[in-house]
file target.cif (mmCIF, C-alpha atoms)
data_work
loop_
_atom_site.label_atom_id
_atom_site.label_comp_id
_atom_site.auth_asym_id
_atom_site.auth_seq_id
_atom_site.Cartn_x
_atom_site.Cartn_y
_atom_site.Cartn_z
CA MET L 17 -14.28 -53.80 -13.16
CA ARG L 18 -18.09 -54.10 -13.28
CA SER L 19 -18.10 -55.65 -9.82
CA LEU L 20 -15.92 -52.82 -8.49
CA PHE L 21 -18.30 -50.22 -9.94
CA SER L 22 -21.42 -51.95 -8.60
CA LYS L 23 -19.97 -51.97 -5.08
CA ASN L 24 -18.76 -48.36 -5.14
CA TYR L 25 -20.99 -46.68 -7.70
CA LYS L 26 -22.29 -44.00 -5.31
CA PHE L 27 -18.75 -43.04 -4.35
CA ILE L 28 -17.71 -43.00 -8.01
CA ILE L 29 -20.67 -40.75 -8.89
CA LEU L 30 -19.69 -38.43 -6.03
CA LEU L 31 -16.13 -38.23 -7.36
CA ALA L 32 -17.48 -37.48 -10.85
CA VAL L 33 -19.65 -34.64 -9.51
CA LEU L 34 -16.68 -33.23 -7.59
CA ALA L 35 -14.48 -33.53 -10.70
CA ILE L 36 -17.01 -31.53 -12.73
CA GLY L 37 -17.04 -28.82 -10.07
CA ILE L 38 -13.23 -28.69 -9.95
CA PHE L 39 -13.02 -28.47 -13.74
CA LEU L 40 -15.53 -25.61 -13.98
CA ARG L 41 -13.73 -23.61 -11.27
CA SER L 42 -10.19 -24.19 -12.52
CA TYR L 43 -10.46 -24.34 -16.33
CA HIS L 44 -8.34 -21.49 -17.79
CA PHE L 45 -8.41 -19.90 -14.33
CA ALA L 46 -5.36 -17.70 -14.85
CA ASP L 47 -6.21 -16.78 -18.46
CA TRP L 48 -9.78 -15.69 -17.76
CA LEU L 49 -9.28 -14.09 -14.35
CA HIS L 50 -11.74 -11.35 -13.44
CA PHE L 51 -9.66 -8.36 -12.33
CA GLU L 52 -11.00 -4.91 -11.46
CA LEU L 53 -10.24 -2.04 -9.07
CA ASP L 54 -10.87 -3.99 -5.86
CA GLN L 55 -8.59 -6.80 -7.03
CA SER L 56 -5.91 -4.27 -7.99
CA ARG L 57 -6.09 -2.64 -4.56
CA ASP L 58 -5.79 -6.00 -2.81
CA ALA L 59 -2.95 -7.17 -5.05
CA LYS L 60 -0.93 -4.07 -4.12
CA VAL L 61 -1.44 -4.83 -0.42
CA ILE L 62 -0.22 -8.42 -0.89
CA ASP L 63 2.67 -7.39 -3.15
CA LEU L 64 3.97 -5.04 -0.45
CA ALA L 65 3.70 -7.78 2.18
CA ILE L 66 5.56 -10.27 -0.03
CA LYS L 67 8.38 -7.77 -0.59
CA GLU L 68 8.66 -6.44 2.96
CA GLY L 69 7.44 -9.41 5.00
CA SER L 70 4.23 -10.31 6.81
CA SER L 71 4.64 -7.36 9.18
CA ALA L 72 3.53 -5.16 6.27
CA LEU L 73 0.09 -6.78 6.27
CA PRO L 74 -2.56 -4.34 7.54
CA LEU L 75 -4.41 -4.80 10.82
CA LEU L 76 -7.71 -4.41 9.00
CA GLY L 77 -9.12 -5.88 5.81
CA PRO L 78 -10.96 -4.32 2.85
CA LYS L 79 -13.55 -1.59 3.22
CA ALA L 80 -17.21 -2.46 3.42
CA ALA L 81 -18.86 -1.20 0.24
CA GLY L 82 -19.95 2.44 0.31
CA SER L 83 -18.33 3.25 3.65
CA PHE L 84 -15.04 3.68 5.50
CA LEU L 85 -15.74 0.72 7.77
CA ARG L 86 -13.07 -1.94 7.36
CA LEU L 87 -13.56 -5.64 7.89
CA GLY L 88 -11.13 -7.95 9.68
CA PRO L 89 -7.89 -8.93 7.89
CA ALA L 90 -8.52 -12.69 7.36
CA PHE L 91 -9.06 -12.14 3.63
CA TYR L 92 -5.62 -10.51 3.26
CA TYR L 93 -3.98 -13.27 5.28
CA PHE L 94 -5.49 -15.91 3.01
CA LYS L 95 -4.28 -14.04 -0.06
CA TYR L 96 -0.82 -13.62 1.43
CA LEU L 97 -0.56 -17.38 1.99
CA SER L 98 -1.83 -17.93 -1.56
CA ALA L 99 0.85 -15.66 -2.97
CA LEU L 100 3.53 -17.50 -0.99
CA ALA L 101 2.29 -20.88 -2.21
CA PHE L 102 1.31 -20.12 -5.81
CA GLY L 103 3.32 -17.04 -6.71
CA ASN L 104 2.98 -13.28 -6.33
CA THR L 105 0.93 -12.88 -9.50
CA PRO L 106 -2.74 -11.97 -10.00
CA SER L 107 -3.65 -15.62 -10.52
CA GLY L 108 -1.36 -16.80 -7.69
CA ILE L 109 -2.99 -14.40 -5.25
CA ALA L 110 -6.47 -15.47 -6.41
CA THR L 111 -5.87 -19.24 -6.35
CA ILE L 112 -6.92 -19.54 -2.71
CA MET L 113 -10.41 -18.32 -3.65
CA MET L 114 -10.67 -21.02 -6.30
CA ILE L 115 -9.61 -23.61 -3.70
CA PHE L 116 -12.26 -22.31 -1.29
CA GLY L 117 -14.83 -22.59 -4.08
CA ILE L 118 -13.82 -26.20 -4.68
CA LEU L 119 -13.83 -27.09 -0.97
CA ALA L 120 -17.36 -25.69 -0.68
CA ILE L 121 -18.59 -28.66 -2.78
CA PRO L 122 -17.70 -31.48 -0.32
CA ALA L 123 -18.56 -29.17 2.61
CA PHE L 124 -22.05 -28.69 1.20
CA TYR L 125 -22.45 -32.45 0.77
CA ILE L 126 -21.56 -33.31 4.37
CA LEU L 127 -23.97 -30.60 5.55
CA ILE L 128 -27.03 -31.74 3.58
CA LYS L 129 -26.34 -35.40 4.36
CA ARG L 130 -27.46 -34.62 7.90
CA TYR L 131 -31.01 -34.23 6.60
CA PHE L 132 -31.42 -35.70 3.12
CA ASN L 133 -30.84 -39.25 1.92
CA LYS L 134 -27.79 -40.06 -0.18
CA TRP L 135 -29.46 -39.84 -3.61
CA THR L 136 -31.18 -36.54 -2.87
CA SER L 137 -27.89 -35.20 -1.52
CA ILE L 138 -26.02 -36.28 -4.67
CA GLY L 139 -28.66 -34.66 -6.89
CA LEU L 140 -28.48 -31.39 -4.96
CA LEU L 141 -24.68 -31.58 -4.99
CA LEU L 142 -24.65 -31.89 -8.78
CA ILE L 143 -26.66 -28.68 -9.15
CA PHE L 144 -24.45 -26.99 -6.54
CA SER L 145 -21.32 -28.15 -8.37
CA VAL L 146 -22.38 -26.76 -11.76
CA SER L 147 -24.18 -23.62 -10.53
CA LEU L 148 -22.93 -20.80 -12.75
CA PHE L 149 -23.39 -18.34 -9.87
CA LEU L 150 -21.06 -20.32 -7.59
CA VAL L 151 -18.65 -21.17 -10.39
CA MET L 152 -18.09 -17.54 -11.39
CA TYR L 153 -17.68 -16.33 -7.80
CA SER L 154 -14.97 -18.97 -7.37
CA ARG L 155 -13.00 -17.69 -10.34
CA PHE L 156 -11.69 -14.38 -9.02
CA SER L 157 -10.44 -12.84 -5.80
CA TRP L 158 -12.92 -10.81 -3.76
CA ASN L 159 -13.54 -10.93 -0.03
CA PRO L 160 -17.22 -12.10 -0.22
CA ASN L 161 -16.27 -15.02 -2.50
CA ALA L 162 -15.21 -17.29 0.36
CA LEU L 163 -18.60 -16.92 2.09
CA PRO L 164 -20.17 -20.13 0.68
CA LEU L 165 -17.44 -22.32 2.19
CA PHE L 166 -17.18 -20.65 5.59
CA THR L 167 -20.93 -20.18 6.12
CA ILE L 168 -21.47 -23.87 5.34
CA LEU L 169 -18.65 -24.89 7.70
CA THR L 170 -20.06 -22.64 10.43
CA ILE L 171 -23.54 -24.14 10.11
CA TYR L 172 -22.22 -27.72 9.99
CA SER L 173 -19.95 -27.25 13.02
CA LEU L 174 -22.77 -25.65 14.97
CA LEU L 175 -25.01 -28.64 14.26
CA ARG L 176 -22.31 -31.01 15.50
CA ALA L 177 -21.78 -28.89 18.62
CA VAL L 178 -25.40 -29.36 19.74
CA ASP L 179 -25.89 -32.97 18.59
CA ARG L 180 -26.92 -35.12 21.57
CA GLU L 181 -25.04 -38.12 20.20
CA GLU L 182 -21.86 -36.18 19.43
CA ARG L 183 -18.97 -37.10 21.69
CA ASN L 184 -16.84 -34.09 20.80
CA LYS L 185 -19.29 -31.24 21.23
CA GLY L 186 -16.63 -29.03 22.78
CA LYS L 187 -14.24 -29.44 19.86
CA TRP L 188 -17.02 -28.66 17.40
CA LEU L 189 -17.84 -25.53 19.42
CA LEU L 190 -14.21 -24.46 18.99
CA ALA L 191 -14.46 -25.18 15.27
CA THR L 192 -17.66 -23.12 15.07
CA THR L 193 -16.03 -20.10 16.69
CA PHE L 194 -13.02 -20.39 14.37
CA PHE L 195 -15.17 -20.54 11.23
CA ILE L 196 -17.48 -17.75 12.37
CA SER L 197 -14.43 -15.59 13.19
CA VAL L 198 -13.40 -16.00 9.55
CA VAL L 199 -16.83 -15.52 8.01
CA THR L 200 -17.48 -12.29 9.93
CA GLN L 201 -14.33 -10.83 8.37
CA LEU L 202 -15.45 -11.50 4.80
CA HIS L 203 -18.51 -9.28 4.41
CA PHE L 204 -20.45 -6.75 6.48
CA LEU L 205 -23.72 -8.68 6.20
CA ALA L 206 -22.01 -11.81 7.52
CA TYR L 207 -20.46 -9.74 10.31
CA VAL L 208 -23.94 -8.71 11.44
CA SER L 209 -25.96 -11.87 10.79
CA MET L 210 -23.85 -14.95 11.55
CA PRO L 211 -23.17 -14.19 15.25
CA VAL L 212 -26.92 -13.59 15.74
CA ILE L 213 -27.67 -16.98 14.16
CA MET L 214 -25.04 -18.76 16.27
CA VAL L 215 -26.02 -17.15 19.59
CA ALA L 216 -29.76 -17.66 19.00
CA PHE L 217 -29.27 -21.33 18.13
CA LEU L 218 -27.04 -21.97 21.16
CA ILE L 219 -29.57 -20.28 23.46
CA ILE L 220 -32.37 -22.42 22.04
CA LYS L 221 -30.41 -25.68 22.23
CA ARG L 222 -28.31 -25.03 25.38
CA PRO L 223 -25.80 -27.80 24.66
CA LYS L 224 -24.05 -29.42 27.61
CA ILE L 225 -20.41 -28.51 26.95
CA LYS L 226 -17.65 -28.28 29.55
CA TRP L 227 -16.80 -24.76 30.68
CA ASN L 228 -13.20 -24.95 29.47
CA TYR L 229 -14.44 -25.25 25.86
CA TRP L 230 -16.55 -22.12 26.29
CA VAL L 231 -13.46 -20.32 27.56
CA GLY L 232 -11.52 -21.68 24.60
CA ALA L 233 -14.24 -20.47 22.21
CA VAL L 234 -13.99 -16.94 23.62
CA GLY L 235 -10.21 -17.19 23.34
CA ILE L 236 -10.41 -18.16 19.65
CA ILE L 237 -12.68 -15.19 18.93
CA LEU L 238 -10.28 -12.83 20.71
CA VAL L 239 -7.20 -14.25 18.95
CA MET L 240 -8.86 -14.21 15.52
CA ASN L 241 -9.95 -10.61 16.05
CA PHE L 242 -6.76 -9.45 17.79
CA PRO L 243 -5.60 -7.32 14.81
CA VAL L 244 -8.95 -5.50 14.83
CA ILE L 245 -8.77 -5.01 18.62
CA LEU L 246 -5.19 -3.74 18.35
CA ASN L 247 -6.21 -1.29 15.62
CA GLU L 248 -9.05 0.00 17.80
CA ILE L 249 -6.63 0.58 20.67
CA LYS L 250 -4.15 2.39 18.40
CA THR L 251 -6.78 4.58 16.70
CA GLY L 252 -9.07 5.27 19.64
CA GLY L 253 -11.91 3.19 18.20
CA ASP L 254 -12.07 4.78 14.76
CA ASN L 255 -13.29 1.62 13.02
CA PHE L 256 -16.04 1.07 15.60
CA LYS L 257 -17.21 4.64 15.00
CA GLU L 258 -17.42 3.82 11.29
CA PHE L 259 -19.39 0.70 12.18
CA GLN L 260 -21.90 2.84 14.07
CA LYS L 261 -22.23 5.16 11.08
CA VAL L 262 -22.87 2.23 8.75
CA VAL L 263 -25.48 0.69 11.05
CA LEU L 264 -27.26 4.02 11.48
CA GLY L 265 -27.03 4.63 7.75
CA LYS L 266 -28.54 1.22 6.95
CA THR L 267 -31.40 1.67 9.40
CA GLU L 268 -32.30 5.20 8.30
CA SER L 269 -34.81 5.32 5.48
CA LYS L 270 -33.15 6.57 2.32
CA ASN L 271 -36.43 6.49 0.41
CA ASN L 272 -40.14 6.71 1.06
CA LYS L 273 -40.78 3.00 0.61
CA THR L 274 -43.05 1.51 3.24
CA LEU L 275 -42.10 -1.54 5.29
CA PHE L 276 -44.76 -3.53 3.44
CA ALA L 277 -43.27 -2.56 0.08
CA LYS L 278 -39.81 -3.53 1.28
CA ILE L 279 -41.00 -6.93 2.49
CA VAL L 280 -42.77 -7.60 -0.82
CA LYS L 281 -39.69 -6.50 -2.75
CA ASN L 282 -37.45 -8.62 -0.54
CA TYR L 283 -39.65 -11.68 -1.10
CA SER L 284 -39.53 -11.05 -4.84
CA GLU L 285 -35.75 -10.60 -4.79
CA ASN L 286 -35.29 -13.78 -2.75
CA SER L 287 -37.36 -15.72 -5.28
CA ILE L 288 -35.34 -14.35 -8.19
CA GLY L 289 -32.02 -14.76 -6.37
CA HIS L 290 -32.70 -18.37 -5.37
CA PHE L 291 -33.73 -19.22 -8.94
CA LEU L 292 -30.61 -17.54 -10.36
CA ILE L 293 -28.36 -19.64 -8.10
CA LEU L 294 -30.22 -22.85 -8.98
CA SER L 295 -30.61 -22.37 -12.72
CA SER L 296 -28.41 -19.45 -13.90
CA GLN L 297 -31.60 -18.04 -15.49
CA ASN L 298 -32.62 -14.41 -15.13
CA SER L 299 -36.21 -13.85 -14.07
CA GLU L 300 -38.40 -10.94 -13.12
CA LEU L 301 -41.62 -10.34 -11.22
CA PRO L 302 -44.06 -7.40 -11.32
CA LYS L 303 -43.11 -4.38 -9.23
CA LEU L 304 -45.21 -3.02 -6.41
CA LEU L 305 -45.38 0.76 -6.77
CA ARG L 306 -45.38 3.14 -3.83
CA ASN L 307 -48.43 4.22 -1.88
CA PRO L 308 -51.16 5.38 -1.77
CA ASN L 309 -52.53 3.16 -4.53
CA LEU L 310 -50.12 0.19 -4.33
CA ASN L 311 -50.27 -0.32 -8.08
CA ILE L 312 -48.60 -3.30 -9.70
CA GLN L 313 -46.40 -2.62 -12.72
CA CYS L 314 -44.93 -5.06 -15.24
CA ASP L 315 -42.99 -3.45 -18.11
CA GLU L 316 -41.83 -5.14 -21.30
CA GLY L 317 -38.77 -6.73 -19.68
CA CYS L 318 -40.95 -8.01 -16.85
CA ARG L 319 -43.44 -9.54 -19.29
CA GLN L 320 -40.65 -11.31 -21.18
CA GLN L 321 -39.15 -12.82 -18.02
CA PHE L 322 -42.42 -13.27 -16.13
CA PRO L 323 -42.74 -17.02 -16.95
CA MET L 324 -39.32 -17.63 -15.39
CA GLY L 325 -40.29 -15.31 -12.55
CA THR L 326 -43.40 -17.38 -11.89
CA ILE L 327 -41.33 -20.58 -11.70
CA ALA L 328 -38.89 -18.79 -9.38
CA LEU L 329 -41.72 -17.63 -7.13
CA VAL L 330 -43.28 -21.10 -6.96
CA LEU L 331 -39.96 -22.84 -6.24
CA PHE L 332 -38.99 -20.38 -3.52
CA SER L 333 -42.45 -20.32 -1.92
CA SER L 334 -42.77 -24.11 -1.90
CA GLY L 335 -39.34 -24.48 -0.31
CA LEU L 336 -40.15 -21.88 2.32
CA ILE L 337 -43.54 -23.41 3.18
CA LEU L 338 -42.02 -26.89 3.41
CA MET L 339 -39.22 -25.59 5.63
CA LEU L 340 -41.80 -24.20 8.07
CA LYS L 341 -43.82 -27.44 7.86
CA ASN L 342 -40.72 -29.51 8.62
CA LEU L 343 -39.83 -27.19 11.48
CA ILE L 344 -43.19 -27.95 13.11
CA PHE L 345 -43.59 -31.65 12.34
CA GLU L 346 -40.07 -33.09 12.13
CA LYS L 347 -39.54 -35.67 14.89
CA ASP L 348 -35.96 -36.84 14.40
CA PRO L 349 -33.77 -34.71 16.76
CA ARG L 350 -30.85 -34.32 14.32
CA LYS L 351 -33.14 -33.40 11.44
CA LYS L 352 -35.10 -31.06 13.70
CA ASP L 353 -31.87 -29.24 14.58
CA PHE L 354 -31.02 -28.99 10.88
CA VAL L 355 -34.36 -27.42 9.96
CA MET L 356 -34.26 -25.12 13.00
CA LEU L 357 -30.82 -23.79 12.13
CA VAL L 358 -31.67 -23.44 8.43
CA SER L 359 -34.82 -21.53 9.46
CA LEU L 360 -32.77 -19.19 11.67
CA TRP L 361 -30.30 -18.72 8.81
CA PHE L 362 -33.09 -17.73 6.45
CA ILE L 363 -35.06 -15.57 8.92
CA VAL L 364 -32.05 -13.53 10.06
CA ALA L 365 -30.82 -13.03 6.48
CA PHE L 366 -34.32 -12.13 5.26
CA GLY L 367 -34.69 -9.62 8.08
CA LEU L 368 -31.29 -8.14 7.25
CA PHE L 369 -32.14 -7.89 3.55
CA THR L 370 -35.52 -6.20 4.12
CA PRO L 371 -34.25 -2.62 4.66
CA LEU L 372 -31.88 -3.18 1.70
CA ALA L 373 -34.54 -4.73 -0.53
CA PHE L 374 -34.39 -2.03 -3.21
CA ASP L 375 -30.56 -2.09 -3.27
CA ILE L 376 -29.77 -5.82 -3.14
CA SER L 377 -26.62 -6.83 -5.05
CA PRO L 378 -25.93 -10.34 -6.38
CA ARG L 379 -23.01 -10.77 -3.96
CA PHE L 380 -25.45 -10.60 -1.03
CA TRP L 381 -26.71 -14.08 -1.97
CA LEU L 382 -23.28 -15.53 -1.18
CA LEU L 383 -24.29 -15.26 2.48
CA VAL L 384 -27.15 -17.73 1.91
CA SER L 385 -25.88 -19.56 -1.17
CA ALA L 386 -26.65 -23.02 0.27
CA LEU L 387 -30.30 -22.21 1.07
CA PRO L 388 -31.75 -22.45 -2.48
CA PHE L 389 -30.45 -26.02 -2.75
CA ILE L 390 -31.75 -26.95 0.71
CA PHE L 391 -35.18 -25.48 -0.13
CA LEU L 392 -35.14 -27.52 -3.35
CA GLY L 393 -34.30 -30.60 -1.29
CA PHE L 394 -37.40 -29.99 0.86
CA THR L 395 -39.43 -29.90 -2.36
CA PHE L 396 -37.86 -33.18 -3.52
CA ASN L 397 -38.82 -34.84 -0.23
CA PHE L 398 -42.38 -33.58 -0.63
CA LEU L 399 -42.61 -34.96 -4.17
CA ARG L 400 -41.38 -38.30 -2.88
CA LYS L 401 -44.18 -38.41 -0.30
CA PHE L 402 -46.94 -36.96 -2.52
CA PHE L 403 -46.42 -39.01 -5.70
CA PRO L 404 -45.89 -42.72 -6.30
CA LYS L 405 -42.26 -43.74 -5.86
CA LYS L 406 -41.38 -44.18 -9.55
CA LEU L 407 -43.16 -41.02 -10.68
CA ALA L 408 -41.51 -38.97 -7.93
CA PHE L 409 -38.11 -40.36 -8.96
CA VAL L 410 -38.71 -39.37 -12.60
CA LEU L 411 -39.93 -35.87 -11.67
CA ILE L 412 -36.92 -35.25 -9.41
CA LEU L 413 -34.56 -36.56 -12.07
CA ILE L 414 -36.10 -34.23 -14.68
CA ILE L 415 -35.75 -31.20 -12.38
CA ILE L 416 -32.11 -32.05 -11.63
CA PHE L 417 -31.39 -32.55 -15.33
CA ILE L 418 -33.05 -29.27 -16.40
CA LEU L 419 -31.30 -27.18 -13.73
CA SER L 420 -27.91 -28.81 -14.35
CA ALA L 421 -28.24 -28.50 -18.13
CA SER L 422 -29.25 -24.84 -17.82
CA ASN L 423 -26.19 -24.09 -15.69
CA LEU L 424 -23.81 -26.00 -17.96
CA TYR L 425 -25.18 -24.32 -21.09
CA ASN L 426 -24.87 -20.83 -19.61
CA THR L 427 -21.42 -21.66 -18.24
CA TYR L 428 -20.39 -22.71 -21.75
CA LYS L 429 -21.68 -19.37 -23.08
CA ARG L 430 -19.89 -17.45 -20.34
CA PHE L 431 -16.61 -19.26 -20.95
CA ASN L 432 -16.84 -18.42 -24.65
CA GLU L 433 -17.34 -14.76 -23.74
CA LEU L 434 -14.26 -14.91 -21.51
CA LYS L 435 -12.26 -16.57 -24.27
CA ASP L 436 -13.28 -13.84 -26.74
CA ALA L 437 -12.84 -10.96 -24.28
CA PRO L 438 -9.46 -9.83 -25.71
CA TYR L 439 -10.98 -9.58 -29.18
CA LYS L 440 -14.63 -8.60 -28.74
CA THR L 441 -16.42 -5.95 -26.71
#
call {"tool": "encode", "arguments": {"input": "target.cif", "output": "structure tokens"}}
result
Amino acid sequence: MRSLFSKNYKFIILLAVLAIGIFLRSYHFADWLHFELDQSRDAKVIDLAIKEGSSALPLLGPKAAGSFLRLGPAFYYFKYLSALAFGNTPSGIATIMMIFGILAIPAFYILIKRYFNKWTSIGLLLIFSVSLFLVMYSRFSWNPNALPLFTILTIYSLLRAVDREERNKGKWLLATTFFISVVTQLHFLAYVSMPVIMVAFLIIKRPKIKWNYWVGAVGIILVMNFPVILNEIKTGGDNFKEFQKVVLGKTESKNNKTLFAKIVKNYSENSIGHFLILSSQNSELPKLLRNPNLNIQCDEGCRQQFPMGTIALVLFSSGLILMLKNLIFEKDPRKKDFVMLVSLWFIVAFGLFTPLAFDISPRFWLLVSALPFIFLGFTFNFLRKFFPKKLAFVLILIIIFILSASNLYNTYKRFNELKDAPYKT
């Protein structure tokens, strides 16, 4: 037995990490299901389709928040399949989201293994597996909740499609277009950002792929979006008109905040958001008040959470600086592609979040949920180069332990709240 463990201990540790992630996402899943108005609306749609057949499924998916724009129907199709497989009940309809949350764990591992060594990847995977943020978004049914899995799969497939040593670039291009066709139907921000990331990366890399695969990629996009196209034909383009209204509404200034103030706020929100995903800890940073004086304000709540906010700011800033450093100095072609695509992912998302900086919701971070862990991985690599080997190992181990323990403790508290929900306010 000892010999078996010594030969396969890394694989056994990986299985243990995956098992922890599965447990946290599935434990009392049906009993503690989060269910509100959006879930009720979606359940009625699926219930009708189960009773009357798949032809009753709508051509479009849920509405984008605060508008009449409707996303593609992939989310409803997933839920319909879930209801067929696991039962037409609230938990049966939601089970597919839990499965997607579980699948995001191995998907994240195969992605980061393209850049980080095995031990760093396992450490990052442990934090990813126990992240309270990712755990809770895997435990109920909402269209943005599948974003972690499908954004990771899109990024991974895109890397394989441009890899010089990859023999099946064309097939990975087809996989990329399939995954991106799903991810753009899950949330408006993904609909806007992910195609920009994909197209920009392909233009930069210009992979040598046979023309028939490019035709196939276009075909997949058309097939995956056929219900939306059919709806546009039937309604005279009503949904596209709503899309224009949303875009114009997002670009118009709804307040008198300057671009500088929005960028500062966005940077602050990114720091806090990344730290929340990594640690489950709330944090806060001082606020930059409007012109002309550009005063800095920190109220009582800010002062209480400022120490955590400082840690959040340092972690985020160090990861960002190291990403840019790696982008410039990385020599290995595969690793260079990884950093380049991660940089595009961050830059496009950051640019998209800037006009929304004063209205960012937690669900927005699902679009970039893998980035905090990748940034942390860059910091781990820096520590390994800057400090002696043993000291770096101890420091990295301490950081992994603190972040994992924080997530597990807060998950324990949250689960107790869910258990007591029928009896306590």
call {"tool": "residues_around", "arguments": {"input": "target.cif", "residues": "Ile412 (chain L)", "least_positions_apart": "6", "cutoff": "9 Å", "atoms": "all atoms listed in the file", "output": "mmCIF file with C-alpha atoms, keeping the file's coordinate frame"}}
result
data_model
loop_
_atom_site.group_PDB
_atom_site.id
_atom_site.type_symbol
_atom_site.label_atom_id
_atom_site.label_comp_id
_atom_site.auth_asym_id
_atom_site.auth_seq_id
_atom_site.Cartn_x
_atom_site.Cartn_y
_atom_site.Cartn_z
ATOM 1 C CA THR L 136 -31.180 -36.540 -2.870
ATOM 2 C CA GLY L 139 -28.660 -34.660 -6.890
ATOM 3 C CA PHE L 396 -37.860 -33.180 -3.520
ATOM 4 C CA LEU L 399 -42.610 -34.960 -4.170
ATOM 5 C CA ARG L 400 -41.380 -38.300 -2.880
#
call {"tool": "residues_around", "arguments": {"input": "target.cif", "residues": "region 344-361 of chain L", "least_positions_apart": "4", "cutoff": "8 Å", "atoms": "all atoms listed in the file", "output": "PyMOL selection string"}}
result
chain L and resi 130-131+171+175+179+210+213+217+339-340+365+384+387
call {"tool": "resolve_selection", "arguments": {"input": "target.cif", "expression": "the PyMOL selection byres ((chain L and resi 194) around 10)", "output": "ChimeraX atom specification"}}
result
/L:166,169-170,173,188-193,195-199,233-237,239-240
call {"tool": "write_last_selection", "arguments": {"input": "target.cif", "atoms": "C-alpha atoms", "output": "PDB file, in the frame of the given file"}}
result
ATOM      1  CA  PHE L 166     -17.180 -20.650   5.590  1.00  0.00           C
ATOM      2  CA  LEU L 169     -18.650 -24.890   7.700  1.00  0.00           C
ATOM      3  CA  THR L 170     -20.060 -22.640  10.430  1.00  0.00           C
ATOM      4  CA  SER L 173     -19.950 -27.250  13.020  1.00  0.00           C
ATOM      5  CA  TRP L 188     -17.020 -28.660  17.400  1.00  0.00           C
ATOM      6  CA  LEU L 189     -17.840 -25.530  19.420  1.00  0.00           C
ATOM      7  CA  LEU L 190     -14.210 -24.460  18.990  1.00  0.00           C
ATOM      8  CA  ALA L 191     -14.460 -25.180  15.270  1.00  0.00           C
ATOM      9  CA  THR L 192     -17.660 -23.120  15.070  1.00  0.00           C
ATOM     10  CA  THR L 193     -16.030 -20.100  16.690  1.00  0.00           C
ATOM     11  CA  PHE L 195     -15.170 -20.540  11.230  1.00  0.00           C
ATOM     12  CA  ILE L 196     -17.480 -17.750  12.370  1.00  0.00           C
ATOM     13  CA  SER L 197     -14.430 -15.590  13.190  1.00  0.00           C
ATOM     14  CA  VAL L 198     -13.400 -16.000   9.550  1.00  0.00           C
ATOM     15  CA  VAL L 199     -16.830 -15.520   8.010  1.00  0.00           C
ATOM     16  CA  ALA L 233     -14.240 -20.470  22.210  1.00  0.00           C
ATOM     17  CA  VAL L 234     -13.990 -16.940  23.620  1.00  0.00           C
ATOM     18  CA  GLY L 235     -10.210 -17.190  23.340  1.00  0.00           C
ATOM     19  CA  ILE L 236     -10.410 -18.160  19.650  1.00  0.00           C
ATOM     20  CA  ILE L 237     -12.680 -15.190  18.930  1.00  0.00           C
ATOM     21  CA  VAL L 239      -7.200 -14.250  18.950  1.00  0.00           C
ATOM     22  CA  MET L 240      -8.860 -14.210  15.520  1.00  0.00           C
TER      23      MET L 240
END
call {"tool": "resolve_selection", "arguments": {"input": "target.cif", "expression": "the PyMOL selection byres ((chain L and resi 421) around 12)", "output": "ChimeraX atom specification"}}
result
/L:142-143,145-148,294-297,413-420,422-428
call {"tool": "residues_around", "arguments": {"input": "target.cif", "residues": "Phe45 (chain L)", "least_positions_apart": "2", "cutoff": "12 Å", "atoms": "only C-alpha atoms", "output": "number ranges by chain"}}
result
L: 38-43, 47-51, 106-115, 151-157, 431, 434-435
call {"tool": "closest_residue", "arguments": {"input": "target.cif", "among": "L:Phe380, L:Tyr207, L:Phe362, L:Phe149", "to": "Phe259 (chain L)", "atoms": "only C-alpha atoms"}}
result
L:Tyr207
call {"tool": "axis_aligned_box", "arguments": {"input": "target.cif", "around": "region 39-56 of chain L", "padding_each_side": "5 Å", "output": "AutoDock Vina command-line options"}}
result
--center_x -10.4 --center_y -15.3 --center_z -12.2 --size_x 20.2 --size_y 36.4 --size_z 22.6
call {"tool": "atom_distance", "arguments": {"input": "target.cif", "atom1": "CA of Leu100 (chain L)", "atom2": "CA of Ile66 (chain L)"}}
result
7.6 Å
call {"tool": "resolve_selection", "arguments": {"input": "target.cif", "expression": "the PyMOL selection byres ((chain L and resi 225) around 12)", "output": "PyMOL selection string"}}
result
chain L and resi 176-180+182-190+218+221-224+226-233
call {"tool": "atom_distance", "arguments": {"input": "target.cif", "atom1": "CA of Gly325 (chain L)", "atom2": "CA of Pro388 (chain L)"}}
result
15.0 Å
call {"tool": "atom_distance", "arguments": {"input": "target.cif", "atom1": "CA of Leu165 (chain L)", "atom2": "CA of Ala120 (chain L)"}}
result
4.4 Å
call {"tool": "residues_near_point", "arguments": {"input": "target.cif", "point": "(-25.0, -14.4, -4.0)", "cutoff": "10 Å", "atoms": "all atoms listed in the file", "output": "MDAnalysis selection string"}}
result
chainID L and resid 149:150 153 160:161 163:164 289:290 292:293 376:386
